[in-house]
Structure formats: structure tokens, C-alpha cells
$ cat run_2.txt   # compact mmCIF, C-alpha atoms
# COMPACT_ATOMS: atom_id res chain seq x y z
CA MET A 1 232.24 133.90 -106.01
CA ASN A 2 231.58 132.92 -109.66
CA PHE A 3 234.16 135.47 -110.74
CA TRP A 4 236.73 133.76 -108.50
CA LYS A 5 235.82 130.33 -109.87
CA ASN A 6 236.37 131.55 -113.44
CA PHE A 7 240.10 131.53 -112.76
CA SER A 8 242.08 128.32 -113.25
CA PRO A 9 243.08 126.48 -110.03
CA ILE A 10 246.73 127.56 -110.50
CA ALA A 11 245.75 131.22 -110.94
CA ARG A 12 243.51 130.96 -107.86
CA PHE A 13 246.37 129.41 -105.91
CA LEU A 14 248.89 132.09 -106.94
CA ILE A 15 246.50 135.02 -106.33
CA ALA A 16 245.39 133.64 -102.95
CA PHE A 17 249.04 132.92 -102.02
CA CYS A 18 250.13 136.52 -102.72
CA ILE A 19 247.08 138.04 -100.95
CA VAL A 20 247.36 135.87 -97.82
CA LEU A 21 251.13 136.47 -97.66
CA GLY A 22 250.54 140.23 -98.00
CA ALA A 23 248.01 140.03 -95.14
CA PHE A 24 250.55 138.10 -93.06
CA TYR A 25 253.20 140.80 -93.56
CA ALA A 26 250.71 143.55 -92.68
CA PHE A 27 250.05 141.70 -89.40
CA TYR A 28 253.69 140.64 -88.80
CA TYR A 29 254.92 144.24 -88.83
CA SER A 30 251.88 145.73 -87.08
CA GLY A 31 252.29 147.41 -83.71
CA PHE A 32 249.98 144.82 -82.14
CA TYR A 33 252.16 141.89 -83.24
CA THR A 34 255.52 143.51 -82.45
CA THR A 35 254.32 144.73 -79.03
CA TYR A 36 252.20 141.87 -77.72
CA ILE A 37 252.88 138.69 -79.69
CA MET A 38 256.48 138.77 -80.97
CA PRO A 39 258.20 139.15 -77.55
CA ARG A 40 256.27 136.10 -76.25
CA ILE A 41 257.13 133.97 -79.29
CA LEU A 42 260.82 134.95 -79.08
CA ASN A 43 260.80 134.26 -75.34
CA VAL A 44 259.35 130.76 -75.85
CA GLN A 45 261.87 130.04 -78.64
CA ALA A 46 264.74 131.18 -76.40
CA MET A 47 263.44 129.04 -73.53
CA LEU A 48 263.10 125.88 -75.68
CA ALA A 49 266.50 126.33 -77.37
CA ASN A 50 268.05 126.96 -73.95
CA ASN A 51 266.49 123.74 -72.58
CA LEU A 52 267.87 121.82 -75.55
CA LEU A 53 271.35 123.25 -74.98
CA LYS A 54 271.11 122.35 -71.28
CA LEU A 55 270.17 118.80 -72.26
CA MET A 56 273.34 118.75 -74.34
CA GLY A 57 275.33 119.72 -71.27
CA HIS A 58 275.83 123.45 -71.86
CA GLU A 59 275.68 125.88 -68.95
CA THR A 60 273.33 128.37 -70.57
CA PHE A 61 270.49 130.56 -69.35
CA PHE A 62 267.84 132.60 -71.13
CA ALA A 63 266.27 135.99 -70.62
CA ASN A 64 263.63 137.52 -72.91
CA ASP A 65 264.84 136.73 -76.44
CA SER A 66 268.44 135.84 -75.54
CA ILE A 67 270.37 132.69 -74.74
CA ALA A 68 273.67 133.26 -72.99
CA SER A 69 276.53 131.68 -71.14
CA ASP A 70 279.76 133.19 -69.84
CA LYS A 71 281.30 132.42 -73.27
CA PHE A 72 278.71 133.45 -75.86
CA ARG A 73 275.32 135.06 -76.27
CA VAL A 74 272.70 134.93 -79.04
CA SER A 75 269.66 137.08 -79.34
CA ILE A 76 266.65 136.08 -81.47
CA LYS A 77 265.24 139.00 -83.40
CA SER A 78 262.32 139.58 -85.72
CA GLY A 79 263.21 138.10 -89.11
CA CYS A 80 265.46 135.47 -87.50
CA ASP A 81 262.58 133.73 -85.75
CA GLY A 82 261.59 131.38 -88.58
CA ILE A 83 258.08 132.87 -88.60
CA GLU A 84 258.29 134.11 -92.20
CA ALA A 85 259.26 130.69 -93.57
CA THR A 86 256.49 129.10 -91.50
CA ALA A 87 254.08 131.69 -92.91
CA VAL A 88 255.08 130.70 -96.46
CA PHE A 89 254.16 127.07 -95.66
CA VAL A 90 250.89 128.01 -93.93
CA THR A 91 249.98 130.37 -96.79
CA ALA A 92 250.72 127.74 -99.44
CA VAL A 93 248.49 125.22 -97.62
CA LEU A 94 245.69 127.75 -97.02
CA ALA A 95 245.80 129.00 -100.61
CA MET A 96 245.51 125.49 -102.04
CA PRO A 97 242.23 125.29 -103.93
CA LEU A 98 240.12 122.13 -104.25
CA VAL A 99 241.30 120.82 -100.87
CA SER A 100 238.85 120.85 -97.95
CA TRP A 101 239.55 122.31 -94.51
CA ARG A 102 239.28 118.80 -93.08
CA GLU A 103 242.32 117.83 -95.17
CA LYS A 104 244.17 121.07 -94.57
CA TRP A 105 244.27 121.36 -90.79
CA PRO A 106 246.24 118.14 -90.02
CA GLY A 107 248.81 119.22 -92.63
CA LEU A 108 248.96 122.70 -91.13
CA LEU A 109 249.43 121.39 -87.59
CA THR A 110 252.10 118.86 -88.59
CA GLY A 111 253.97 121.33 -90.83
CA VAL A 112 254.00 124.10 -88.23
CA LEU A 113 255.14 121.63 -85.56
CA VAL A 114 257.96 120.28 -87.77
CA LEU A 115 259.11 123.80 -88.71
CA SER A 116 258.96 124.93 -85.07
CA ILE A 117 261.10 121.98 -83.94
CA LEU A 118 263.58 122.63 -86.75
CA ASN A 119 263.68 126.28 -85.78
CA ILE A 120 264.58 125.42 -82.18
CA LEU A 121 267.34 123.12 -83.50
CA ARG A 122 268.50 125.96 -85.77
CA ILE A 123 268.68 128.46 -82.88
CA ALA A 124 270.56 125.99 -80.66
CA GLY A 125 272.82 125.21 -83.65
CA LEU A 126 273.54 128.91 -84.12
CA TYR A 127 274.54 129.23 -80.48
CA LEU A 128 276.92 126.29 -80.93
CA ALA A 129 278.28 127.77 -84.17
CA GLY A 130 278.93 131.07 -82.42
CA LEU A 131 280.67 129.23 -79.61
CA TYR A 132 282.84 126.82 -81.64
CA TRP A 133 283.01 128.28 -85.20
CA PRO A 134 282.55 132.05 -84.84
CA SER A 135 283.66 132.70 -88.44
CA LEU A 136 280.74 130.58 -89.70
CA PHE A 137 278.13 132.23 -87.52
CA GLU A 138 277.11 135.03 -89.91
CA ILE A 139 276.94 132.72 -92.93
CA LEU A 140 274.83 130.14 -91.06
CA HIS A 141 272.66 132.87 -89.59
CA LEU A 142 271.81 134.49 -92.90
CA HIS A 143 271.76 131.58 -95.31
CA GLY A 144 270.66 128.86 -92.90
CA GLY A 145 268.13 131.02 -91.16
CA VAL A 146 266.47 132.61 -94.13
CA VAL A 147 267.21 130.78 -97.38
CA ILE A 148 267.49 127.13 -96.31
CA PHE A 149 264.56 127.48 -93.91
CA LEU A 150 262.43 129.02 -96.68
CA MET A 151 263.39 126.21 -99.08
CA PHE A 152 262.56 123.70 -96.37
CA SER A 153 259.06 125.08 -95.92
CA ILE A 154 258.53 124.80 -99.71
CA VAL A 155 259.71 121.16 -99.69
CA LEU A 156 257.42 120.48 -96.72
CA TRP A 157 254.50 121.89 -98.71
CA LEU A 158 255.38 119.58 -101.62
CA ILE A 159 255.42 116.61 -99.22
CA TRP A 160 251.97 117.61 -97.95
CA VAL A 161 250.65 117.91 -101.52
CA ASN A 162 252.09 114.47 -102.29
CA ARG A 163 250.28 113.00 -99.27
CA ILE A 164 246.99 114.55 -100.38
CA LEU A 165 247.49 113.06 -103.85
CA LYS A 166 248.30 109.61 -102.48
CA ARG A 167 245.22 109.69 -100.27
CA ARG A 168 243.04 110.65 -103.25
CA GLN A 169 244.55 107.85 -105.31
CA THR A 170 243.95 105.29 -102.54
CA ASN A 171 240.36 106.47 -102.11
CA MET B 172 257.00 117.96 -123.18
CA VAL B 173 254.07 116.74 -121.17
CA ASP B 174 250.60 116.43 -122.65
CA LEU B 175 248.58 118.88 -120.56
CA GLY B 176 245.39 116.96 -121.23
CA LYS B 177 246.62 113.91 -119.36
CA PRO B 178 247.25 113.87 -115.63
CA TYR B 179 251.00 113.86 -115.22
CA PHE B 180 251.00 111.70 -112.13
CA LYS B 181 248.95 108.87 -113.61
CA THR B 182 251.95 106.59 -113.90
CA GLN B 183 254.71 105.73 -111.50
CA THR B 184 257.28 106.74 -114.15
CA ASN B 185 255.93 110.29 -114.25
CA GLN B 186 255.79 110.43 -110.46
CA LEU B 187 259.45 109.39 -110.40
CA LYS B 188 260.27 111.91 -113.13
CA MET B 189 258.73 114.68 -111.05
CA ARG B 190 260.62 113.60 -107.96
CA ASN B 191 263.84 113.67 -109.97
CA GLU B 192 262.99 117.11 -111.24
CA ILE B 193 262.47 118.41 -107.70
CA ILE B 194 265.80 116.89 -106.64
CA ARG B 195 267.45 118.41 -109.74
CA PHE B 196 265.95 121.78 -108.83
CA LEU B 197 267.21 121.58 -105.24
CA ILE B 198 270.73 120.56 -106.33
CA LEU B 199 271.00 123.24 -109.05
CA PHE B 200 269.51 125.83 -106.71
CA GLY B 201 272.02 124.91 -103.99
CA PHE B 202 275.00 125.02 -106.35
CA CYS B 203 273.97 128.29 -107.97
CA TYR B 204 273.23 129.94 -104.60
CA ALA B 205 276.57 128.80 -103.15
CA PHE B 206 278.38 129.97 -106.29
CA CYS B 207 276.72 133.42 -106.18
CA ILE B 208 277.47 133.82 -102.47
CA LEU B 209 281.12 132.86 -102.99
CA LEU B 210 281.30 135.23 -105.97
CA PHE B 211 279.81 138.13 -103.99
CA GLN B 212 282.32 137.44 -101.21
CA ASN B 213 285.27 137.67 -103.59
CA ALA B 214 287.08 140.93 -102.81
CA ALA B 215 287.63 141.92 -106.46
CA VAL B 216 283.94 141.37 -107.28
CA TYR B 217 282.38 143.09 -104.27
CA LYS B 218 284.80 146.02 -104.32
CA SER B 219 283.92 146.79 -107.93
CA LEU B 220 280.16 146.17 -107.51
CA ASN B 221 279.91 148.05 -104.22
CA ALA B 222 281.68 151.10 -105.65
CA LYS B 223 279.05 151.26 -108.43
CA LEU B 224 276.20 150.67 -105.98
CA ARG B 225 277.52 153.42 -103.74
CA VAL B 226 277.51 155.90 -106.64
CA ALA B 227 274.00 154.80 -107.67
CA ILE B 228 272.52 155.00 -104.14
CA THR B 229 274.09 158.43 -103.52
CA ALA B 230 272.87 159.75 -106.88
CA LEU B 231 269.36 158.40 -106.25
CA ASP B 232 269.18 160.02 -102.80
CA LYS B 233 270.62 163.30 -104.09
CA SER B 234 268.05 163.49 -106.88
CA PHE B 235 265.09 162.83 -104.55
CA PHE B 236 266.26 164.82 -101.52
CA SER B 237 267.77 167.76 -103.39
CA LYS B 238 267.10 170.22 -100.53
CA ALA B 239 269.42 168.27 -98.21
CA GLU B 240 273.21 168.08 -98.32
CA ILE B 241 273.90 164.43 -99.16
CA SER B 242 277.14 162.51 -99.60
CA SER B 243 278.45 158.99 -98.96
CA GLN B 244 281.12 157.81 -96.55
CA ASP B 245 283.12 154.65 -95.86
CA VAL B 246 282.38 152.42 -92.88
CA TYR B 247 285.26 151.24 -90.67
CA ASP B 248 285.05 148.27 -88.33
CA ASP B 249 286.34 147.91 -84.75
CA GLN B 250 289.89 147.24 -86.01
CA ASN B 251 289.72 150.43 -88.10
CA LYS B 252 289.58 148.39 -91.31
CA LYS B 253 287.45 149.65 -94.18
CA ASP B 254 284.26 147.60 -94.54
CA HIS B 255 283.55 147.37 -98.27
CA ASN B 256 280.16 145.79 -97.71
CA ARG B 257 278.73 148.79 -95.94
CA MET B 258 278.37 152.50 -96.62
CA TYR B 259 276.98 155.56 -94.92
CA ILE B 260 274.70 158.05 -96.54
CA VAL B 261 275.57 161.27 -94.74
CA PHE B 262 273.02 164.07 -94.72
CA GLY B 263 272.52 167.50 -93.24
CA ASN B 264 270.71 170.80 -93.67
CA PRO B 265 272.78 173.01 -96.07
CA LYS B 266 271.67 176.18 -94.27
CA THR B 267 272.82 174.88 -90.87
CA ILE B 268 276.11 173.67 -92.38
CA LYS B 269 276.70 177.06 -94.03
CA ILE B 270 276.08 178.92 -90.75
CA GLU B 271 278.43 176.56 -88.88
CA MET B 272 281.15 177.02 -91.54
CA GLU B 273 280.81 180.82 -91.41
CA ASN B 274 280.97 180.82 -87.61
CA ALA B 275 284.12 178.71 -87.70
CA ARG B 276 285.71 181.02 -90.29
CA ARG B 277 284.85 184.08 -88.18
CA GLN B 278 286.40 182.47 -85.12
CA GLY B 279 289.46 181.43 -87.15
CA LEU B 280 289.09 177.74 -86.33
CA ASN B 281 291.13 175.19 -88.30
CA GLU B 282 288.60 172.42 -87.70
CA VAL B 283 284.86 172.65 -87.74
CA ARG B 284 282.20 170.28 -86.43
CA ILE B 285 279.24 170.33 -88.77
CA SER B 286 275.84 168.88 -87.97
CA THR B 287 275.52 165.85 -90.22
CA TYR B 288 273.79 162.54 -89.61
CA SER B 289 274.02 159.17 -91.27
CA ALA B 290 272.11 156.12 -92.43
CA GLN B 291 273.95 152.84 -92.91
CA PHE B 292 273.46 150.51 -95.89
CA TYR B 293 274.60 146.88 -95.82
CA PHE B 294 275.00 145.69 -99.41
CA PHE B 295 275.20 141.94 -98.82
CA GLN B 296 271.98 141.48 -96.84
CA MET B 297 270.13 144.17 -98.69
CA ILE B 298 270.97 143.33 -102.29
CA TYR B 299 273.31 140.39 -102.90
CA ALA B 300 271.64 137.67 -100.81
CA PRO B 301 268.11 138.22 -102.25
CA LEU B 302 269.55 138.61 -105.76
CA ALA B 303 271.47 135.33 -105.42
CA PHE B 304 268.26 133.69 -104.20
CA LEU B 305 266.29 135.02 -107.19
CA LEU B 306 268.97 133.97 -109.71
CA SER B 307 269.23 130.50 -108.18
CA LEU B 308 265.47 129.96 -108.28
CA PHE B 309 265.45 130.69 -112.03
CA VAL B 310 268.62 128.74 -112.81
CA GLY B 311 267.35 125.72 -110.86
CA THR B 312 264.04 125.66 -112.73
CA LYS B 313 263.81 123.66 -115.92
CA MET B 314 262.40 125.94 -118.62
CA PRO B 315 263.35 127.21 -122.11
CA TRP B 316 266.37 129.56 -122.03
CA LYS B 317 264.59 132.46 -123.71
CA LYS B 318 261.69 132.31 -121.25
CA MET B 319 264.14 132.07 -118.37
CA MET B 320 266.04 135.16 -119.53
CA LYS B 321 262.83 137.11 -120.08
CA GLY B 322 261.38 136.10 -116.71
CA LEU B 323 264.66 136.85 -114.99
CA ALA B 324 264.91 140.26 -116.69
CA TYR B 325 261.39 141.24 -115.52
CA SER B 326 262.08 139.94 -112.02
CA ILE B 327 265.40 141.81 -111.73
CA LEU B 328 263.73 144.97 -113.03
CA ILE B 329 261.00 144.75 -110.37
CA PHE B 330 263.56 143.84 -107.71
CA THR B 331 265.66 146.89 -108.70
CA LEU B 332 262.57 149.11 -108.43
CA TYR B 333 261.83 147.61 -105.01
CA MET B 334 265.44 148.27 -103.94
CA GLY B 335 265.22 151.87 -105.18
CA ILE B 336 262.03 152.41 -103.16
CA LYS B 337 263.66 150.76 -100.13
CA VAL B 338 266.73 153.04 -100.36
CA LEU B 339 264.58 156.17 -100.73
CA LEU B 340 262.18 155.29 -97.90
CA TYR B 341 265.02 154.34 -95.56
CA THR B 342 266.83 157.61 -96.30
CA TYR B 343 263.57 159.57 -95.98
CA PHE B 344 262.87 157.95 -92.61
CA SER B 345 266.44 158.56 -91.39
CA ILE B 346 266.40 162.24 -92.44
CA SER B 347 262.98 162.75 -90.85
CA ASN B 348 264.08 161.01 -87.66
CA GLU B 349 267.06 163.36 -87.14
CA ARG B 350 264.82 166.48 -87.35
CA ILE B 351 267.22 168.57 -89.43
CA GLY B 352 264.44 170.90 -90.52
CA LEU B 353 263.98 169.19 -93.90
CA TYR B 354 261.69 166.38 -95.06
CA GLU B 355 260.17 165.98 -91.62
CA LEU B 356 257.37 163.49 -91.19
CA SER B 357 254.82 163.46 -88.41
CA GLY B 358 251.74 161.61 -87.25
CA TRP B 359 250.40 158.79 -89.38
CA LYS B 360 252.83 159.54 -92.25
CA GLU B 361 255.79 158.92 -89.95
CA GLN B 362 254.20 155.72 -88.62
CA PHE B 363 253.41 154.54 -92.15
CA VAL B 364 256.96 155.12 -93.47
CA SER B 365 258.41 153.50 -90.33
CA PHE B 366 256.14 150.47 -90.88
CA ILE B 367 257.12 150.12 -94.57
CA VAL B 368 260.85 150.52 -93.79
CA SER B 369 260.76 147.85 -91.08
CA ALA B 370 258.68 145.55 -93.32
CA MET B 371 261.29 145.68 -96.11
CA SER B 372 263.53 143.25 -94.21
CA ILE B 373 265.74 140.56 -95.71
CA GLY B 374 263.02 137.96 -95.09
CA PHE B 375 260.51 140.07 -97.02
CA SER B 376 263.03 140.59 -99.84
CA MET B 377 263.49 136.81 -100.10
CA VAL B 378 259.73 136.19 -100.09
CA LEU B 379 259.32 138.90 -102.75
CA CYS B 380 261.93 137.11 -104.90
CA PHE B 381 260.02 133.87 -104.39
CA CYS B 382 256.76 135.57 -105.50
CA LEU B 383 258.56 137.02 -108.57
CA TRP B 384 259.69 133.50 -109.45
CA LEU B 385 256.12 132.24 -108.99
CA ILE B 386 254.84 134.94 -111.36
CA PHE B 387 257.59 135.05 -114.03
CA GLY B 388 259.24 131.66 -113.76
CA LEU B 389 256.82 129.00 -112.62
CA ARG B 390 254.35 129.19 -115.54
CA HIS B 391 257.05 128.37 -118.10
CA SER B 392 258.52 125.53 -116.07
CA SER B 393 257.84 121.84 -115.72
CA PHE B 394 256.58 122.62 -112.20
CA TYR B 395 253.60 124.31 -113.82
CA GLN B 396 252.60 121.01 -115.42
CA PHE B 397 253.28 119.37 -112.07
CA LEU B 398 250.88 121.78 -110.37
CA GLN B 399 248.30 121.40 -113.15
CA SER B 400 248.36 117.66 -112.81
CA ILE B 401 248.05 117.97 -109.02
CA PHE B 402 244.98 120.17 -109.37
CA SER B 403 243.43 117.97 -112.04
CA GLN B 404 243.86 114.92 -109.79
CA ILE B 405 242.75 116.68 -106.61
CA SER B 406 239.59 117.87 -108.30
CA LYS B 407 238.57 114.26 -109.05
$ encode --input "run_2.txt" --output "C-alpha cells"
Amino acid sequence: MNFWKNFSPIARFLIAFCIVLGAFYAFYYSGFYTTYIMPRILNVQAMLANNLLKLMGHETFFANDSIASDKFRVSIKSGCDGIEATAVFVTAVLAMPLVSWREKWPGLLTGVLVLSILNILRIAGLYLAGLYWPSLFEILHLHGGVVIFLMFSIVLWLIWVNRILKRRQTN
Amino acid sequence: MVDLGKPYFKTQTNQLKMRNEIIRFLILFGFCYAFCILLFQNAAVYKSLNAKLRVAITALDKSFFSKAEISSQDVYDDQNKKDHNRMYIVFGNPKTIKIEMENARRQGLNEVRISTYSAQFYFFQMIYAPLAFLLSLFVGTKMPWKKMMKGLAYSILIFTLYMGIKVLLYTYFSISNERIGLYELSGWKEQFVSFIVSAMSIGFSMVLCFCLWLIFGLRHSSFYQFLQSIFSQISK
């Protein structure tokens, strides 16, 4: 424990970030996750995005990890589920030294909720892009799904850090 | 430069400065990423780069899997148009191919069907998108030019090594999967290689690039002072 505390807070943050993220990937690609957890998460995402599209007046239905209509169909796959970007946010919060669990869990809950809502909007948006702007689908899928979502989780972490700082200053 | 002894966020001016720096980073990152993506989608650029990548990937596979017959092939889409962003690595067992060729010659056939199999490589998702992400992270970050170049060089070197390992493992897994009598994996080794190959997805490549930036870029940037000041204030 003393050995760990000999490192500077930034070094502790970076080491913990890389280790926790490595552990996440080991779990994310494990047989247990891909067999038992992933299909359920993808199913829930498909159901929520389908409900949102129905609210917008689209005649869609969902089955397993797919949303479809008689015009277009999208299928949510591992890597396109927003879980990795969410994991980056969760890891960055968990790896943050000098912040207590009591301060971390509300940030974790809020961040995961915000990213999950955005992910549902992203999936519904991709369905609409495929339907109305097919040429943009691949670009939005790759860059919007992976890069922008990852950048968003980093910005969300910065917002959380800023809130922690403000609270400390007020106290 | 910021005095590291003093908390950076003490004043509103510094807080504003940091916010501006984050906005500057996001804008520069966005511009650089968009520029790289547009550049990699330019036919002249990707045709020339992909031709070199194709030679490099084939040579790498040939040198590591020397017992197998390995070559590369073009990919054609549904409209029979050549897809420059993809390539096949075609492989087979030389002994089987030789027997099939001799049989065909004995039977006087003009055409021969040889037992070869393929693995497909998609350059854009595999290499260009993560590379554009890595470049943009460095370009967007405010740091001295020399440090940026050095950090970027180390990061690209590690990324290239990662790509080499990815290519080799993917080819190894594909060859093993086709059971051509060469480089066959079984049991836990097969499961392990399958796990590593599936883990080396585009998401993982992006996160790896982000970690490389954290290691080689962040400590020379103004964000480092930002983080230091955060920790010094949080610890109070």
C-alpha cells in the first residue's frame, strides 16, 4: 500500500486507468460476457431505440439485437454498443485518486445514465441515417459511434472532475 | 508556463484559460480528425497507401508463415468494382496445391481448382481510423513541437507493432481455422488466439491510441498541469 502511495497522484491515476481498462477488456471479450451478458444488453438497447423510433412515428419492430422496418434494418453488434466508451468514463472515475467512493458513485450513475441515453439516441439516429441518408451511414457509424462517443465520455469525465473541484471549493 | 507549485485553478482567469484550452483541443482535434479522414478517403492517397500496405502485410505473413503458400488478392464489391480499401490474404498448403496441379496436368485439364482459403483485411477501420485518431489527439494537444514529434513517433511505433501482431494473429487464426494441415491450433491455444483476435477490435485500437496519448503526450502538455492542479486541490 505504501509502495502505491509513493507514486504521484497522476502516476497512480494513469496506472490504475490502464489496469482497470485492461481488466474491462478481459471481461468484455470473455465467453461469459459474450454469451450471457452482451445479448441482453444489445436486446435492451434495440428495444429502447425501437420505442424511441415508434414515438417518432416510425413503423419499426425489434428482435434480439436488430431494429427493422420494411425499408431498413440495423443490427447492434459488439463494439457498436457504446459499452467501450462508457467503460472509459467509468474507468477514469474509478481510477481517480484522492476522491472518496461517496463522491464517485453519484458521478458514475449520472455519467452512465447520460451515456446510455445518448447511445440510444445514436442507435435511433443511425437507423434514420440508414433510411434517409444511406451514403452517410458508414461514416456516422464508425466516426460517430466510436470516436465522437469516446470523446464525449472524456468530456463527461472532465465535467465530473470540475463538479468535484467546485464542491471542494465551496466546502 | 504555469508555476507547478501554485494551484492552477486558484483564480477564475486560470479556470477560464483551462476551459479555453479544452475547447481549443476539441476544435483542433475535430479539424485534424476530419482532415485525416478526408485525406484517407481521397482515391490518389488511399490507392498509393493501400498498395504499400498490401505489400507489407503479405511480406509479413510470408515471413512468419513460410510453410504455407501465401499471396494477396483484390476484393471486388457487389457491382464487380475493385474495392481498394480491402484485400484478401490467400493461403493454402503447398503440398496439397502441388498434388492438385499434378492431377490436373495428368488429366489434361485447362483449368484447375486449387484448395486455397482467404482472410480479409479492411484498411480503413483497421489502420486509418485509429491512426487519424492518434494523430488528432497529439495535434490537438498544446505542447512543445519537439516533444509532440517524439511522443508521436513512439506512439506510431507501438501502434505499428500492435498492427503487425494483429495481422499475424488474425492470419494465424484464419489458417488454423481452415485446417489445411499447417499451423493448426487446438484446445486452449485456439481459444486464446481467438480471444485476442476478437479483442483487437476498432474500439480497442482507439482506446489503445488514447492510452498511448496518455503515456507519451499528456505529460508534456498543459493538461498535465491541469491534472496536477486538480489533484493538488482535491487533496486539500
$ residues_around --input "run_2.txt" --residues "Met151 of chain A" --least-positions-apart "5" --cutoff "12 Å" --atoms "all atoms listed in the file" --output "PyMOL selection string"
(chain A and resi 82+84-86+88-89+115+143-146+156-158) or (chain B and resi 193+196-198+200-201+204+304+307-308+377-378+381)
$ closest_residue --input "run_2.txt" --among "A:Phe3, A:Leu42, A:Leu14, A:Thr35" --to "Ile120 of chain A" --atoms "all atoms listed in the file"
A:Leu42
$ residues_around --input "run_2.txt" --residues "Ile208 of chain B" --least-positions-apart "5" --cutoff "9 Å" --atoms "only C-alpha atoms" --output "tab-separated table (two decimals) with C-alpha atoms, in the frame of the given file"
chain	number	residue	atom	x	y	z
B	203	CYS	CA	273.97	128.29	-107.97
B	213	ASN	CA	285.27	137.67	-103.59
B	299	TYR	CA	273.31	140.39	-102.90
B	300	ALA	CA	271.64	137.67	-100.81
B	303	ALA	CA	271.47	135.33	-105.42
$ atom_distance --input "run_2.txt" --atom1 "atom CA of Gly57 of chain A" --atom2 "atom CA of Gly125 of chain A"
13.8 Å
$ closest_residue --input "run_2.txt" --among "B:Arg190, B:Arg225, B:Lys360, B:Arg277" --to "chain A" --atoms "all atoms listed in the file"
B:Arg190
$ interface_residues --input "run_2.txt" --of "chain B" --to "chain A" --cutoff "7 Å" --atoms "all atoms listed in the file" --output "VMD selection string"
chain B and resid 366 370 374 399 402 405 to 406
$ write_last_selection --input "run_2.txt" --atoms "C-alpha atoms" --output "PDB file, in the coordinates of the input"
ATOM      1  CA  PHE B 366     256.140 150.470 -90.880  1.00  0.00           C
ATOM      2  CA  ALA B 370     258.680 145.550 -93.320  1.00  0.00           C
ATOM      3  CA  GLY B 374     263.020 137.960 -95.090  1.00  0.00           C
ATOM      4  CA  GLN B 399     248.300 121.400-113.150  1.00  0.00           C
ATOM      5  CA  PHE B 402     244.980 120.170-109.370  1.00  0.00           C
ATOM      6  CA  ILE B 405     242.750 116.680-106.610  1.00  0.00           C
ATOM      7  CA  SER B 406     239.590 117.870-108.300  1.00  0.00           C
TER       8      SER B 406
END
$ residues_around --input "run_2.txt" --residues "Leu389 of chain B" --least-positions-apart "4" --cutoff "10 Å" --atoms "only C-alpha atoms" --output "short mmCIF file (atom, residue, chain, number, x, y, z; two decimals) with C-alpha atoms, in the frame of the given file"
data_model
loop_
_atom_site.label_atom_id
_atom_site.label_comp_id
_atom_site.auth_asym_id
_atom_site.auth_seq_id
_atom_site.Cartn_x
_atom_site.Cartn_y
_atom_site.Cartn_z
CA LEU B 308 265.47 129.96 -108.28
CA PHE B 309 265.45 130.69 -112.03
CA THR B 312 264.04 125.66 -112.73
CA LYS B 313 263.81 123.66 -115.92
CA MET B 314 262.40 125.94 -118.62
CA MET B 319 264.14 132.07 -118.37
CA GLY B 322 261.38 136.10 -116.71
CA CYS B 382 256.76 135.57 -105.50
CA LEU B 383 258.56 137.02 -108.57
CA TRP B 384 259.69 133.50 -109.45
CA LEU B 385 256.12 132.24 -108.99
CA SER B 393 257.84 121.84 -115.72
CA PHE B 394 256.58 122.62 -112.20
CA TYR B 395 253.60 124.31 -113.82
CA GLN B 396 252.60 121.01 -115.42
CA LEU B 398 250.88 121.78 -110.37
#
$ residues_around --input "run_2.txt" --residues "segment 45-47 of chain A" --least-positions-apart "4" --cutoff "12 Å" --atoms "all atoms listed in the file" --output "PDB file with C-alpha atoms, in the coordinates of the input"
ATOM      1  CA  MET A  38     256.480 138.770 -80.970  1.00  0.00           C
ATOM      2  CA  PRO A  39     258.200 139.150 -77.550  1.00  0.00           C
ATOM      3  CA  ARG A  40     256.270 136.100 -76.250  1.00  0.00           C
ATOM      4  CA  ILE A  41     257.130 133.970 -79.290  1.00  0.00           C
ATOM      5  CA  ASN A  51     266.490 123.740 -72.580  1.00  0.00           C
ATOM      6  CA  LEU A  52     267.870 121.820 -75.550  1.00  0.00           C
ATOM      7  CA  LEU A  53     271.350 123.250 -74.980  1.00  0.00           C
ATOM      8  CA  LYS A  54     271.110 122.350 -71.280  1.00  0.00           C
ATOM      9  CA  THR A  60     273.330 128.370 -70.570  1.00  0.00           C
ATOM     10  CA  PHE A  61     270.490 130.560 -69.350  1.00  0.00           C
ATOM     11  CA  PHE A  62     267.840 132.600 -71.130  1.00  0.00           C
ATOM     12  CA  ALA A  63     266.270 135.990 -70.620  1.00  0.00           C
ATOM     13  CA  ASN A  64     263.630 137.520 -72.910  1.00  0.00           C
ATOM     14  CA  ASP A  65     264.840 136.730 -76.440  1.00  0.00           C
ATOM     15  CA  SER A  66     268.440 135.840 -75.540  1.00  0.00           C
ATOM     16  CA  ILE A  67     270.370 132.690 -74.740  1.00  0.00           C
ATOM     17  CA  ALA A  68     273.670 133.260 -72.990  1.00  0.00           C
ATOM     18  CA  ARG A  73     275.320 135.060 -76.270  1.00  0.00           C
ATOM     19  CA  VAL A  74     272.700 134.930 -79.040  1.00  0.00           C
ATOM     20  CA  SER A  75     269.660 137.080 -79.340  1.00  0.00           C
ATOM     21  CA  ILE A  76     266.650 136.080 -81.470  1.00  0.00           C
ATOM     22  CA  LYS A  77     265.240 139.000 -83.400  1.00  0.00           C
ATOM     23  CA  SER A  78     262.320 139.580 -85.720  1.00  0.00           C
ATOM     24  CA  CYS A  80     265.460 135.470 -87.500  1.00  0.00           C
ATOM     25  CA  ASP A  81     262.580 133.730 -85.750  1.00  0.00           C
ATOM     26  CA  GLY A  82     261.590 131.380 -88.580  1.00  0.00           C
ATOM     27  CA  ILE A  83     258.080 132.870 -88.600  1.00  0.00           C
ATOM     28  CA  SER A 116     258.960 124.930 -85.070  1.00  0.00           C
ATOM     29  CA  ILE A 117     261.100 121.980 -83.940  1.00  0.00           C
ATOM     30  CA  LEU A 118     263.580 122.630 -86.750  1.00  0.00           C
ATOM     31  CA  ASN A 119     263.680 126.280 -85.780  1.00  0.00           C
ATOM     32  CA  ILE A 120     264.580 125.420 -82.180  1.00  0.00           C
ATOM     33  CA  LEU A 121     267.340 123.120 -83.500  1.00  0.00           C
ATOM     34  CA  ARG A 122     268.500 125.960 -85.770  1.00  0.00           C
ATOM     35  CA  ILE A 123     268.680 128.460 -82.880  1.00  0.00           C
ATOM     36  CA  ALA A 124     270.560 125.990 -80.660  1.00  0.00           C
ATOM     37  CA  LEU A 126     273.540 128.910 -84.120  1.00  0.00           C
ATOM     38  CA  TYR A 127     274.540 129.230 -80.480  1.00  0.00           C
TER      39      TYR A 127
END
$ atom_distance --input "run_2.txt" --atom1 "atom CA of Ser345 of chain B" --atom2 "atom CA of Ala290 of chain B"
6.3 Å
$ atom_distance --input "run_2.txt" --atom1 "atom CA of Ala205 of chain B" --atom2 "atom CA of Gly130 of chain A"
21.0 Å
$ residues_around --input "run_2.txt" --residues "Tyr247 of chain B" --least-positions-apart "6" --cutoff "12 Å" --atoms "all atoms listed in the file" --output "ChimeraX atom specification"
/B:253-259,291
